[in-house]
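Everything below concerns the one structure shown next.
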Amino acid sequence: MHADHPTTLVPPLEDNLAGRATAVAHPNIALIKYWGKRDEQLVLPRVDSLSMTLDIFPTTTCVRLAPQAEHDQVTLNGEVARGQARERVVAFLDLVRAQARKKLPAVVDSENTVPTGAGLASSASGFAALALAAAAAYGLTLDATALSRLARRGSGSASRSVFGSFALWHAGLATGTATEADLSSYAEPVPAPGLDPALVIAVVDAGPKAVSSREAMRRTVDTSPLYEPWARSSKDDLKDMRTALDRGDLAAVGEIAERNALGMHATMLAARPAVRYLAPATLTVLDSVLQLRRDGIPAYATMDAGPNVKVLCRRTDARQVADTVRSAMTAGSVLTARPGPGARLLPQDTR
Ligand code: PMV
């Protein structure tokens, strides 16, 4: 399972301007969902997942070592981060510092173009960009697999945003030592020849979610009688999905993605107390997706930890799908994404 990705994504320190690096990463949307952890500390998932990285909503993050500073300084979209948002970044920097055997604090500046915390995968692009920029600034030499593992520790789904287009995140070994488990859980690219998809995103509500995905996963795994059956069926979904991607069969990809997502939401609805991210506006959009299919347009929906709907369709149908979905909505906005690039470092402006 240990596929090698020889490309060194993070160059050695001397290639970076003395302890400073800027990285860009895009969000991804899972077609086979990650839902449920088996190890919270190491962010090890209970199921394999598979996603498409988008070409919209990039996060750009600059990490600069600050020998004079006493603490890390974190700015998100121009505002000094506090509380949990700051703690997550500092905890992640601590991981990087431990790997790099360096103690220096850092200044982190992150610009996110996606609404934060609305189930639009802002943590995926955020931690993929932070992982790459921090690794480079602290002088770690990491290949794509190692970078994916590192990004996973910030937010599970970030492990997939290291790669462009389609990526599969291995849940990894369920037995063995913590180190073995950690090493076995990373994402890798999945080819999808012949697929020319678009993802139409219906943002029915861009506000932050009431329950974090972390808490919702925990509650689902601990209390939902539907969780184990879904996790088992997800294995079959993944197998079928790989075949569908191989064949470039968009209708099959969409059908599998839709059933996997609805199943995931069913697990949450059965949690005690229930976690319900789907809003009335979500169901209205789902109805419009059904209508598109009745009209002969292959369009399939997936939803994450929020009420927004992402509709997978052929690129050539994207405009019609976007128009139909938009006309079903009374508020919000509709965007269209295509498969996007993996995380990358930006050239430094001054050398
Ligand atoms: O990586 P997190 O903690 O934001 O969890 C993401 C979970 C889902 O978006 C609901 C599913 C997925 O696989 O991305």
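Simple scheme: letters A, B, ... for chains in structure tokens order, numbers from 1 for residues in each chain, numbers from 1 for ligands in the order shown.
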
Could the residues that lie within 7 Å of ligand 1, counting only C-alpha atoms and all ligand atoms, be listed as a ChimeraX atom specification?
/A:29-30,32-35,49,119,121,123-124,155-158,213-214,304-305

Could you dump the residues just selected with all heavy atoms as a compact mmCIF listing (two decimals), in the first residue's frame?
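The new file again.txt reads:
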```txt
# COMPACT_ATOMS: atom_id res chain seq x y z
N ILE A 29 -13.86 17.94 -2.48
CA ILE A 29 -15.18 17.44 -2.07
C ILE A 29 -15.15 15.92 -2.20
O ILE A 29 -14.79 15.39 -3.26
CB ILE A 29 -16.30 18.03 -2.96
CG1 ILE A 29 -16.37 19.56 -2.80
CG2 ILE A 29 -17.65 17.38 -2.63
CD1 ILE A 29 -16.71 20.07 -1.41
N ALA A 30 -15.53 15.23 -1.12
CA ALA A 30 -15.46 13.77 -1.14
C ALA A 30 -16.65 13.17 -1.90
O ALA A 30 -17.80 13.61 -1.73
CB ALA A 30 -15.45 13.24 0.29
N ILE A 32 -16.65 9.68 -1.95
CA ILE A 32 -16.81 8.64 -0.93
C ILE A 32 -16.35 9.31 0.35
O ILE A 32 -15.20 9.76 0.45
CB ILE A 32 -15.93 7.40 -1.23
CG1 ILE A 32 -16.26 6.79 -2.59
CG2 ILE A 32 -16.05 6.37 -0.10
CD1 ILE A 32 -17.61 6.12 -2.68
N LYS A 33 -17.24 9.41 1.33
CA LYS A 33 -16.98 10.31 2.47
C LYS A 33 -16.09 9.71 3.55
O LYS A 33 -16.13 8.51 3.82
CB LYS A 33 -18.30 10.70 3.14
CG LYS A 33 -19.31 11.38 2.25
CD LYS A 33 -18.84 12.73 1.76
CE LYS A 33 -19.94 13.45 0.98
NZ LYS A 33 -19.41 14.66 0.30
N TYR A 34 -15.35 10.63 4.15
CA TYR A 34 -14.65 10.37 5.42
C TYR A 34 -15.62 10.77 6.53
O TYR A 34 -16.01 11.94 6.60
CB TYR A 34 -13.38 11.21 5.44
CG TYR A 34 -12.88 11.67 6.79
CD1 TYR A 34 -12.71 10.77 7.85
CD2 TYR A 34 -12.55 13.01 6.99
CE1 TYR A 34 -12.23 11.22 9.08
CE2 TYR A 34 -12.06 13.46 8.20
CZ TYR A 34 -11.92 12.56 9.24
OH TYR A 34 -11.45 13.01 10.45
N TRP A 35 -16.04 9.82 7.33
CA TRP A 35 -16.91 10.18 8.47
C TRP A 35 -16.60 9.20 9.59
O TRP A 35 -16.87 8.01 9.50
CB TRP A 35 -18.39 10.13 8.05
CG TRP A 35 -19.27 10.83 9.04
CD1 TRP A 35 -20.17 10.25 9.89
CD2 TRP A 35 -19.33 12.24 9.29
NE1 TRP A 35 -20.76 11.20 10.66
CE2 TRP A 35 -20.26 12.44 10.31
CE3 TRP A 35 -18.65 13.35 8.77
CZ2 TRP A 35 -20.56 13.70 10.81
CZ3 TRP A 35 -18.94 14.60 9.26
CH2 TRP A 35 -19.89 14.78 10.27
N SER A 49 -11.58 7.13 1.93
CA SER A 49 -12.43 8.12 1.26
C SER A 49 -11.79 8.54 -0.06
O SER A 49 -10.60 8.31 -0.28
CB SER A 49 -12.65 9.33 2.17
OG SER A 49 -11.42 9.90 2.57
N GLY A 119 -19.13 23.77 5.79
CA GLY A 119 -19.21 22.50 5.07
C GLY A 119 -18.73 22.65 3.64
O GLY A 119 -19.12 21.92 2.75
N ALA A 121 -15.41 22.72 3.02
CA ALA A 121 -14.05 22.19 3.02
C ALA A 121 -12.95 23.23 3.18
O ALA A 121 -11.87 23.09 2.62
CB ALA A 121 -13.82 21.37 1.75
N SER A 123 -11.26 23.69 5.81
CA SER A 123 -10.15 23.14 6.59
C SER A 123 -9.24 22.28 5.71
O SER A 123 -8.07 22.14 6.00
CB SER A 123 -10.66 22.34 7.79
OG SER A 123 -11.36 21.21 7.37
N ALA A 124 -9.77 21.73 4.63
CA ALA A 124 -8.95 20.90 3.74
C ALA A 124 -7.91 21.75 3.03
O ALA A 124 -6.71 21.47 3.07
CB ALA A 124 -9.83 20.18 2.72
N SER A 155 -6.33 18.36 9.59
CA SER A 155 -7.73 18.08 9.31
C SER A 155 -7.71 16.90 8.35
O SER A 155 -6.99 16.93 7.35
CB SER A 155 -8.37 19.30 8.64
OG SER A 155 -9.71 19.04 8.34
N GLY A 156 -8.48 15.87 8.66
CA GLY A 156 -8.41 14.64 7.87
C GLY A 156 -8.49 14.89 6.38
O GLY A 156 -7.66 14.41 5.59
N SER A 157 -9.51 15.66 5.98
CA SER A 157 -9.73 15.86 4.55
C SER A 157 -8.58 16.60 3.87
O SER A 157 -8.43 16.55 2.65
CB SER A 157 -11.05 16.59 4.32
OG SER A 157 -11.08 17.78 5.08
N ALA A 158 -7.74 17.30 4.64
CA ALA A 158 -6.60 18.03 4.07
C ALA A 158 -5.60 17.07 3.43
O ALA A 158 -4.86 17.45 2.51
CB ALA A 158 -5.92 18.87 5.14
N SER A 213 -17.57 19.31 12.53
CA SER A 213 -17.54 17.95 11.97
C SER A 213 -16.87 17.00 12.97
O SER A 213 -17.24 15.83 13.09
CB SER A 213 -16.84 17.92 10.61
OG SER A 213 -15.54 18.43 10.69
N ARG A 214 -15.91 17.53 13.72
CA ARG A 214 -15.22 16.71 14.73
C ARG A 214 -16.21 16.14 15.75
O ARG A 214 -16.27 14.95 16.01
CB ARG A 214 -14.18 17.60 15.43
CG ARG A 214 -13.29 16.88 16.40
CD ARG A 214 -12.15 17.79 16.84
NE ARG A 214 -11.31 18.18 15.70
CZ ARG A 214 -10.03 18.57 15.81
NH1 ARG A 214 -9.46 18.63 16.97
NH2 ARG A 214 -9.35 18.90 14.74
N ASP A 304 -21.92 17.75 2.60
CA ASP A 304 -20.95 17.49 3.68
C ASP A 304 -21.50 17.98 5.02
O ASP A 304 -22.70 17.91 5.22
CB ASP A 304 -19.61 18.13 3.27
CG ASP A 304 -19.04 17.39 2.07
OD1 ASP A 304 -18.56 16.27 2.26
OD2 ASP A 304 -19.14 17.89 0.94
N ALA A 305 -20.62 18.48 5.88
CA ALA A 305 -21.07 18.88 7.20
C ALA A 305 -21.70 20.27 7.15
O ALA A 305 -21.24 21.22 7.81
CB ALA A 305 -19.91 18.83 8.18
```

What lies within 12 Å of Asp94 of chain A using only C-alpha atoms, ignoring chain neighbours under 3 positions off, as a ChimeraX atom specification?
/A:71-72,87-91,97-106,131,134-135,138,150,153-154

Writing out the chosen residues with N, CA, C and O atoms as a compact mmCIF listing (two decimals), in the first residue's frame:
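Written out: out_10.txt:
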```txt
# COMPACT_ATOMS: atom_id res chain seq x y z
N HIS A 71 5.82 34.00 20.83
CA HIS A 71 4.77 33.03 20.52
C HIS A 71 4.50 33.04 19.03
O HIS A 71 4.85 33.99 18.34
N ASP A 72 3.80 32.00 18.58
CA ASP A 72 3.32 32.01 17.20
C ASP A 72 2.31 33.13 17.04
O ASP A 72 1.53 33.42 17.96
N GLU A 87 -5.46 27.84 18.29
CA GLU A 87 -4.90 26.63 18.93
C GLU A 87 -4.66 25.51 17.92
O GLU A 87 -3.67 24.78 18.01
N ARG A 88 -5.58 25.37 16.95
CA ARG A 88 -5.40 24.30 15.95
C ARG A 88 -4.15 24.55 15.12
O ARG A 88 -3.42 23.62 14.79
N VAL A 89 -3.91 25.81 14.79
CA VAL A 89 -2.73 26.13 13.97
C VAL A 89 -1.45 25.93 14.79
O VAL A 89 -0.47 25.34 14.32
N VAL A 90 -1.48 26.39 16.05
CA VAL A 90 -0.30 26.26 16.91
C VAL A 90 0.01 24.78 17.15
O VAL A 90 1.18 24.36 17.07
N ALA A 91 -1.02 23.97 17.40
CA ALA A 91 -0.80 22.53 17.62
C ALA A 91 -0.19 21.91 16.37
O ALA A 91 0.68 21.03 16.45
N ARG A 97 7.37 21.41 14.10
CA ARG A 97 8.59 21.72 14.84
C ARG A 97 9.21 20.45 15.41
O ARG A 97 10.43 20.29 15.38
N ALA A 98 8.37 19.55 15.90
CA ALA A 98 8.90 18.29 16.45
C ALA A 98 9.60 17.50 15.35
O ALA A 98 10.70 16.97 15.56
N GLN A 99 8.97 17.43 14.17
CA GLN A 99 9.59 16.69 13.05
C GLN A 99 10.88 17.35 12.60
O GLN A 99 11.83 16.68 12.21
N ALA A 100 10.91 18.69 12.63
CA ALA A 100 12.08 19.43 12.11
C ALA A 100 13.14 19.64 13.20
O ALA A 100 14.22 20.14 12.91
N ARG A 101 12.82 19.25 14.44
CA ARG A 101 13.69 19.49 15.58
C ARG A 101 14.11 20.96 15.68
O ARG A 101 15.28 21.30 15.78
N LYS A 102 13.11 21.80 15.57
CA LYS A 102 13.34 23.25 15.72
C LYS A 102 12.31 23.79 16.70
O LYS A 102 11.20 23.26 16.79
N LYS A 103 12.67 24.87 17.40
CA LYS A 103 11.75 25.38 18.41
C LYS A 103 11.17 26.74 18.06
O LYS A 103 10.26 27.22 18.72
N LEU A 104 11.72 27.37 17.02
CA LEU A 104 11.35 28.75 16.73
C LEU A 104 9.86 28.95 16.50
O LEU A 104 9.22 28.15 15.82
N PRO A 105 9.32 30.06 17.04
CA PRO A 105 7.93 30.40 16.72
C PRO A 105 7.81 30.86 15.27
O PRO A 105 8.82 31.14 14.61
N ALA A 106 6.59 30.97 14.80
CA ALA A 106 6.37 31.38 13.41
C ALA A 106 5.26 32.41 13.31
O ALA A 106 4.40 32.50 14.19
N ALA A 131 0.38 22.92 5.86
CA ALA A 131 1.35 21.83 5.94
C ALA A 131 2.52 22.08 4.99
O ALA A 131 3.69 21.95 5.38
N ALA A 134 4.50 25.37 6.08
CA ALA A 134 5.23 25.20 7.35
C ALA A 134 6.38 24.22 7.17
O ALA A 134 7.49 24.46 7.67
N ALA A 135 6.14 23.13 6.44
CA ALA A 135 7.22 22.15 6.23
C ALA A 135 8.38 22.83 5.53
O ALA A 135 9.55 22.64 5.91
N TYR A 138 10.21 25.40 7.87
CA TYR A 138 11.01 24.75 8.92
C TYR A 138 12.06 23.81 8.35
O TYR A 138 12.75 23.13 9.10
N LEU A 150 1.13 14.45 6.95
CA LEU A 150 1.26 15.60 7.84
C LEU A 150 -0.03 16.45 7.80
O LEU A 150 -0.58 16.81 8.84
N ARG A 153 -3.00 15.42 9.88
CA ARG A 153 -3.01 15.71 11.31
C ARG A 153 -3.73 17.03 11.62
O ARG A 153 -4.23 17.22 12.71
N GLY A 154 -3.74 17.96 10.65
CA GLY A 154 -4.44 19.23 10.85
C GLY A 154 -5.94 19.05 10.68
O GLY A 154 -6.74 19.50 11.48
```

What is the distance between atom CA of Phe163 of chain A and atom CA of Lys37 of chain A, in Å to one decimal?
21.6 Å

What's around segment 51-66 of chain A at 7 Å? Count only C-alpha atoms, leave out sequence neighbours fewer than 3 positions away in its own chain, and write the answer as JSON, numbers by chain.
{"A": [19, 20, 21, 22, 23, 24, 25, 26, 27, 28, 29, 30, 31, 32, 69, 104, 105, 106, 107, 108, 109, 110, 111, 112, 113, 114, 125, 126, 129, 130, 133, 134, 137, 161, 164, 165, 166, 167, 168, 337, 338, 339, 340, 341]}

Residue list (strand (DSSP E), DSSP) for segment 2-191 of chain A, as a count of residues only
48

Spatial neighbours of Leu245 of chain A, 10 Å, only C-alpha atoms, chain gap at least 6 places, as a PyMOL selection string
chain A and resi 166+190-195+252-253

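The smallest atom-to-atom distance between Ser288 of chain A and any of A:Gln41, A:Ser184, A:Thr145, A:Ser327, using only C-alpha atoms, is found for A:Ser327.
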